[in-house]
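Participant: Below you'll find the structure I mean.
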Amino acid sequence: MNNTTTNLLEHSVDFFSNFEDFFDTSPDLLCVAGFDGYFKRINPSVSKLLGYSNDELFSQPINDFVFEADKKNTTNARKDLTQKIGLYNFENRYVTKNGDIVWLLWTSFPVAKDKLVYAIGKNITFKKELEQERNAHLTQLTKINKELRQLTYTTAHDLRSPVNNLLAVFDLLDTATITNPETLELISIIETSTQILKKTLIDHVAILDKKNEEDDQLETLNFNEVLQEVLSSINSLVQNSKTKITIDFSEVETICFNRNSLKSIFLNLITNSIKYSKPGSLPIINFNSLRFNGSTQLIITDNGIGFDMEKVKDKIFGLHQKFNCHKDSNGIGLYLVYNHVTNLGGHICLESQLNEGAKFTITF
């Protein structure tokens, strides 16, 4: 055996030794599963999280450990894997030996010739608990907002009665018996002011009626039709900036949502992408829809200047938050988008890096 062969063998031994160390010490869940639905190999993180022994995990079908409500989706996903279709960012729940429910995020890929699936799972239970807490707060805020809106509406509506009574008093008042000019002038001023107040209340109630109707009206909307309506309204801006727009709503074409809210989402994200395009590059905006874990997602990406996520963090959707010196920046657009989405129970997240564009994912 020559030196070259000896060195190759030594490097191979070192590589596999290092791989074994990585496999055994990784905090993520590393698994090898068969097309038959059983674990073939797992790292210690799997048994540590689920609380079962290796013998228990190997002796039962994987689906036995999956939360009941997620078994059907998991089975369908496993069928895709056996058809040589990789699985990315798949979420499901497992039940631990002591009865706790944990959320896992999986990336899996099949090796058809060996009838094996290699998978990496991350424990995202803490993230899911935060989302549930956030949704509970949003539900409470939505309830409070509706109560305040109803209070405003009721107050404006109920004030009309005493105002009408006051005007009725003026109709009954016999000013012919009043001889003092100053008194007559004061009565005239009060009557005029009361008439103005009545008109203001009527107009205010009408505005509230219309606003309530617009905010509460949900309908089945075609993504492309609403987007084209928005693009038509800003055609000059798109043409003058030479913005390239690609659209693919083939996976999910419609959504039950508020029309004005969806138009505002499209409008603000498009104009922001154009406004904050990268110097020296023409703006490119991509729209597509997805079906993910039973929910509809709208994905909008661009090639603009992006965001430093370490700096903006949770401030990105705040009111009047500005992250650059652009003269037209007012910190309102993303705030509006966030509220349109969350007011109807949705969720929006941003992925971005400086000078590498932005990706907005809206989950309805």
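In the structure tokens, chains take the letters A, B, ... in the order shown, each chain's residues start at 1, and ligands count up from 1 in the order shown.
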Set the distance at 12 Å and use only C-alpha atoms: which residues neighbour segment 66-79 of chain A once local chain neighbours fewer than 5 positions away are removed? I'd like the list as a PyMOL selection string.

Facilitator: chain A and resi 33-38+50+57+60-61+84-97+99-110+115-119+292-294

Participant: Pull the strand (DSSP E) assignments for segment 11-196 of chain A out of DSSP run on the backbone, and list those residues as a ChimeraX atom specification.

Facilitator: /A:29-34,39-42,87-95,101-111,116-123

Participant: Please provide the set of residues having any atom within 6 Å of Thr243 of chain A, restricted to only C-alpha atoms, with same-chain residues fewer than 5 positions apart removed, written as a ChimeraX atom specification.

Facilitator: /A:238,283-284

Participant: Hey, what's within 9 Å of Glu191 of chain A if we count only C-alpha atoms and toss same-chain stuff fewer than 5 positions away? As a VMD selection string, please?

Facilitator: chain A and resid 166 to 167 170 186 196

Participant: Once you have the residues from the selection above, write them out as an mmCIF file, in the first residue's frame, restricted to all heavy atoms.

Facilitator:
data_model
loop_
_atom_site.group_PDB
_atom_site.id
_atom_site.type_symbol
_atom_site.label_atom_id
_atom_site.label_comp_id
_atom_site.auth_asym_id
_atom_site.auth_seq_id
_atom_site.Cartn_x
_atom_site.Cartn_y
_atom_site.Cartn_z
ATOM 1 N N LEU A 166 -82.954 70.284 21.598
ATOM 2 C CA LEU A 166 -82.540 71.685 21.731
ATOM 3 C C LEU A 166 -83.059 72.517 20.561
ATOM 4 O O LEU A 166 -83.545 73.643 20.744
ATOM 5 C CB LEU A 166 -81.012 71.755 21.811
ATOM 6 C CG LEU A 166 -80.398 73.122 22.120
ATOM 7 C CD1 LEU A 166 -80.940 73.687 23.427
ATOM 8 C CD2 LEU A 166 -78.883 73.018 22.187
ATOM 9 N N LEU A 167 -82.991 71.964 19.349
ATOM 10 C CA LEU A 167 -83.509 72.678 18.179
ATOM 11 C C LEU A 167 -85.024 72.833 18.266
ATOM 12 O O LEU A 167 -85.586 73.855 17.812
ATOM 13 C CB LEU A 167 -83.122 71.923 16.899
ATOM 14 C CG LEU A 167 -81.640 71.979 16.527
ATOM 15 C CD1 LEU A 167 -81.348 71.065 15.347
ATOM 16 C CD2 LEU A 167 -81.232 73.421 16.190
ATOM 17 N N PHE A 170 -85.885 75.870 20.227
ATOM 18 C CA PHE A 170 -85.777 77.110 19.451
ATOM 19 C C PHE A 170 -87.026 77.334 18.599
ATOM 20 O O PHE A 170 -87.465 78.470 18.399
ATOM 21 C CB PHE A 170 -84.532 77.071 18.554
ATOM 22 C CG PHE A 170 -83.247 77.236 19.305
ATOM 23 C CD1 PHE A 170 -82.303 76.215 19.346
ATOM 24 C CD2 PHE A 170 -82.970 78.407 20.005
ATOM 25 C CE1 PHE A 170 -81.124 76.361 20.044
ATOM 26 C CE2 PHE A 170 -81.785 78.568 20.695
ATOM 27 C CZ PHE A 170 -80.854 77.533 20.730
ATOM 28 N N LEU A 186 -77.490 86.376 20.827
ATOM 29 C CA LEU A 186 -76.968 85.176 21.472
ATOM 30 C C LEU A 186 -77.811 83.949 21.133
ATOM 31 O O LEU A 186 -77.291 82.855 20.867
ATOM 32 C CB LEU A 186 -76.921 85.377 22.989
ATOM 33 C CG LEU A 186 -75.841 86.340 23.511
ATOM 34 C CD1 LEU A 186 -76.018 86.577 25.004
ATOM 35 C CD2 LEU A 186 -74.448 85.768 23.227
ATOM 36 N N ILE A 196 -75.226 73.437 13.234
ATOM 37 C CA ILE A 196 -73.931 72.944 12.741
ATOM 38 C C ILE A 196 -73.556 71.647 13.464
ATOM 39 O O ILE A 196 -73.057 70.687 12.847
ATOM 40 C CB ILE A 196 -72.833 74.014 12.940
ATOM 41 C CG1 ILE A 196 -73.112 75.225 12.040
ATOM 42 C CG2 ILE A 196 -71.447 73.426 12.638
ATOM 43 C CD1 ILE A 196 -72.193 76.402 12.297
#

Participant: For atom CA of Val46 of chain A and atom CA of Val32 of chain A, quote the distance in Å rounded to one decimal.

Facilitator: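 Spanning atom CA of Val46 of chain A to atom CA of Val32 of chain A is a straight-line distance of 11.3 Å.
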